[in-house]
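Novice: What follows is structure-v7.pdb; its format and atoms are PDB, C-alpha atoms, pLDDT in the B column.
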```
ATOM      1  CA  MET K  82      65.753  88.342  77.294  1.00 79.00           C
ATOM      2  CA  LYS K  83      66.777  91.950  76.617  1.00 78.00           C
ATOM      3  CA  LYS K  84      65.786  93.022  80.130  1.00 79.00           C
ATOM      4  CA  THR K  85      67.844  90.228  81.691  1.00 82.00           C
ATOM      5  CA  LEU K  86      70.870  91.135  79.593  1.00 72.00           C
ATOM      6  CA  LEU K  87      70.450  94.803  80.511  1.00 70.00           C
ATOM      7  CA  VAL K  88      70.254  93.973  84.241  1.00 72.00           C
ATOM      8  CA  VAL K  89      73.348  91.758  84.014  1.00 73.00           C
ATOM      9  CA  LEU K  90      75.349  94.428  82.167  1.00 71.00           C
ATOM     10  CA  LEU K  91      74.241  97.135  84.576  1.00 70.00           C
ATOM     11  CA  SER K  92      75.175  94.990  87.588  1.00 73.00           C
ATOM     12  CA  ALA K  93      78.563  94.157  86.078  1.00 70.00           C
ATOM     13  CA  SER K  94      79.223  97.840  85.360  1.00 71.00           C
ATOM     14  CA  ILE K  95      78.435  98.825  88.936  1.00 74.00           C
ATOM     15  CA  PHE K  96      80.648  96.056  90.295  1.00 67.00           C
ATOM     16  CA  ILE K  97      83.585  97.041  88.059  1.00 71.00           C
ATOM     17  CA  LEU K  98      83.268 100.752  88.817  1.00 66.00           C
ATOM     18  CA  THR K  99      83.166 100.239  92.593  1.00 65.00           C
ATOM     19  CA  ALA K 100      86.214  97.976  92.400  1.00 61.00           C
ATOM     20  CA  CYS K 101      88.128 100.728  90.589  1.00 59.00           C
ATOM     21  CA  SER K 102      87.471 103.414  93.184  1.00 53.00           C
ATOM     22  CA  GLN K 103      90.502 104.771  94.961  1.00 49.00           C
ATOM     23  CA  SER K 104      90.782 104.361  98.678  1.00 49.00           C
ATOM     24  CA  GLY K 105      92.714 106.564 101.087  1.00 48.00           C
ATOM     25  CA  PRO K 106      95.841 105.539 102.964  1.00 51.00           C
ATOM     26  CA  SER K 107      95.506 102.374 104.965  1.00 58.00           C
ATOM     27  CA  ARG K 108      95.117 103.008 108.663  1.00 62.00           C
ATOM     28  CA  ALA K 109      94.712  99.394 109.669  1.00 66.00           C
ATOM     29  CA  GLU K 110      97.873  99.366 111.750  1.00 68.00           C
ATOM     30  CA  ASN K 111      97.696  99.746 115.501  1.00 89.00           C
ATOM     31  CA  THR K 112     101.226 101.115 116.055  1.00 92.00           C
ATOM     32  CA  TYR K 113     102.693 104.315 114.608  1.00 93.00           C
ATOM     33  CA  VAL K 114     105.929 106.256 115.015  1.00 95.00           C
ATOM     34  CA  GLY K 115     105.905 110.019 114.618  1.00 95.00           C
ATOM     35  CA  VAL K 116     106.160 113.436 116.232  1.00 96.00           C
ATOM     36  CA  VAL K 117     103.394 114.652 118.561  1.00 96.00           C
ATOM     37  CA  GLY K 118     102.032 118.121 117.866  1.00 95.00           C
ATOM     38  CA  VAL K 119      98.868 120.151 118.420  1.00 93.00           C
ATOM     39  CA  SER K 120      96.121 120.584 115.828  1.00 82.00           C
ATOM     40  CA  GLY K 121      93.382 122.867 117.121  1.00 85.00           C
ATOM     41  CA  SER K 122      91.966 121.293 120.261  1.00 87.00           C
ATOM     42  CA  TYR K 123      93.493 117.891 119.457  1.00 90.00           C
ATOM     43  CA  PHE K 124      96.931 116.446 119.672  1.00 95.00           C
ATOM     44  CA  SER K 125      98.232 115.194 116.345  1.00 95.00           C
ATOM     45  CA  LEU K 126     100.819 112.715 115.169  1.00 95.00           C
ATOM     46  CA  GLN K 127     102.963 113.499 112.129  1.00 94.00           C
ATOM     47  CA  THR K 128     104.408 110.320 110.622  1.00 93.00           C
ATOM     48  CA  ASP K 129     106.564 110.042 107.511  1.00 90.00           C
ATOM     49  CA  ASP K 130     103.495 109.684 105.285  1.00 89.00           C
ATOM     50  CA  ASP K 131     100.437 110.723 107.314  1.00 90.00           C
ATOM     51  CA  ASN K 132      99.131 113.251 109.830  1.00 92.00           C
ATOM     52  CA  PHE K 133      96.169 112.464 112.071  1.00 93.00           C
ATOM     53  CA  LYS K 134      94.467 113.461 115.310  1.00 94.00           C
ATOM     54  CA  ILE K 135      95.311 111.501 118.435  1.00 95.00           C
ATOM     55  CA  ARG K 136      93.642 111.359 121.813  1.00 93.00           C
ATOM     56  CA  SER K 137      93.798 109.373 125.022  1.00 91.00           C
ATOM     57  CA  THR K 138      91.188 109.021 127.714  1.00 88.00           C
ATOM     58  CA  PHE K 139      93.689 108.136 130.435  1.00 90.00           C
ATOM     59  CA  LEU K 140      97.169 109.260 129.278  1.00 91.00           C
ATOM     60  CA  ASP K 141      98.516 112.816 129.375  1.00 92.00           C
ATOM     61  CA  LEU K 142     100.120 113.437 125.972  1.00 94.00           C
ATOM     62  CA  THR K 143     101.503 116.888 126.905  1.00 94.00           C
ATOM     63  CA  PRO K 144     104.966 115.601 127.968  1.00 94.00           C
ATOM     64  CA  TYR K 145     105.417 114.142 124.474  1.00 94.00           C
ATOM     65  CA  LEU K 146     104.797 117.388 122.530  1.00 95.00           C
ATOM     66  CA  ASN K 147     107.369 117.892 119.746  1.00 96.00           C
ATOM     67  CA  LYS K 148     108.963 114.519 120.540  1.00 95.00           C
ATOM     68  CA  LYS K 149     109.240 111.420 118.413  1.00 96.00           C
ATOM     69  CA  VAL K 150     107.171 108.633 119.957  1.00 96.00           C
ATOM     70  CA  LYS K 151     105.794 105.183 119.256  1.00 95.00           C
ATOM     71  CA  ILE K 152     102.070 104.954 119.965  1.00 95.00           C
ATOM     72  CA  HIS K 153      99.748 101.990 120.129  1.00 94.00           C
ATOM     73  CA  GLY K 154      95.952 102.140 119.974  1.00 93.00           C
ATOM     74  CA  GLN K 155      93.116 102.176 117.472  1.00 92.00           C
ATOM     75  CA  PHE K 156      91.137 104.477 115.202  1.00 92.00           C
ATOM     76  CA  SER K 157      87.600 105.540 115.943  1.00 88.00           C
ATOM     77  CA  LYS K 158      86.488 107.342 112.796  1.00 87.00           C
ATOM     78  CA  GLU K 159      89.160 110.019 112.190  1.00 89.00           C
ATOM     79  CA  VAL K 160      90.732 110.052 115.672  1.00 92.00           C
ATOM     80  CA  PHE K 161      93.392 107.605 116.868  1.00 93.00           C
ATOM     81  CA  PHE K 162      92.875 106.710 120.534  1.00 94.00           C
ATOM     82  CA  VAL K 163      96.215 106.051 122.201  1.00 94.00           C
ATOM     83  CA  ASP K 164      96.484 103.162 124.662  1.00 93.00           C
ATOM     84  CA  ASP K 165     100.265 103.272 125.071  1.00 93.00           C
ATOM     85  CA  VAL K 166     102.974 105.802 124.247  1.00 93.00           C
ATOM     86  CA  LYS K 167     106.756 105.361 124.441  1.00 93.00           C
ATOM     87  CA  PRO K 168     109.753 107.367 123.228  1.00 91.00           C
ATOM     88  CA  ALA K 169     110.718 106.149 119.767  1.00 90.00           C
ATOM     89  CA  THR K 170     113.988 104.302 119.381  1.00 81.00           C
ATOM     90  CA  ASN K 171     115.995 105.450 116.392  1.00 65.00           C
TER      91      ASN K 171
END
```
Transcribe the structure of this file into structure tokens.

Specialist:
Amino acid sequence: MKKTLLVVLLSASIFILTACSQSGPSRAENTYVGVVGVSGSYFSLQTDDDNFKIRSTFLDLTPYLNKKVKIHGQFSKEVFFVDDVKPATN
């Protein structure tokens, strides 16, 4: 009986502690608006509340340097792969 109670309490503690962990900013969106810059060997996008690496396998991002753009794509680990880029409308 004591072992069962101990296992149940331990399991509940683990469940509660993992539920309380803090997660980073949500990057579930597929569209972002921000300014394109350079970060090392990667392009980067600076939004109002985030800064992340961006890359495209078929688009040249150089013409958009230091310009506000709207990008569409998806994250692969820490890099956002751009499928479409357009000048941002204010």

Novice: Any chance you could work out the residue set of the PyMOL selection byres ((chain K and resi 142) around 10) here, as a list of chain:residue names?

Specialist: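 Applying the expression gives K:Val117, K:Gly118, K:Phe124, K:Ser125, K:Ile135, K:Arg136, K:Ser137, K:Phe139, K:Leu140, K:Asp141, K:Thr143, K:Pro144, K:Tyr145, K:Leu146, K:Val163, K:Val166.
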
Novice: For atom CA of K:Ser157 and atom CA of K:Ala169, determine how far apart the two atoms are, in Å to one decimal place.

Specialist: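 So the answer is 23.4 Å.
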
Novice: Quote the spacing between atom CA of K:Thr170 and atom CA of K:Lys148 in Å to one decimal place.

Specialist: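 Computed distance, atom CA of K:Thr170 to atom CA of K:Lys148, equals 11.4 Å.
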
Novice: Looking at only C-alpha atoms, which of K:Val160, K:Ser92, K:Ile152, K:Lys167 is the one that sits closest to K:Ser120?

Specialist: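 Smallest separation from K:Ser120 among the options: K:Val160.
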
Novice: On this file, the PyMOL selection byres ((chain K and resi 129) around 10) gives some set of residues; write that set as an MDAnalysis selection string.

Specialist: chainID K and resid 113:116 126:128 130:132

Novice: Taking the file above as input, evaluate the PyMOL selection byres ((chain K and resi 159) around 10) and report the hits as a PyMOL selection string.

Specialist: chain K and resi 108+133-135+156-158+160-162

Novice: What is the atom CA of K:Tyr123-atom CA of K:Gln155 distance in Å, reported with one decimal?

Specialist: 15.8 Å

Novice: For K:Pro168, list every protein, DNA or RNA residue within 8 Å, evaluated using all atoms listed in the file, and leave out those in the same chain fewer than 4 positions away; present the list as a VMD selection string.

Specialist: chain K and resid 148 to 151
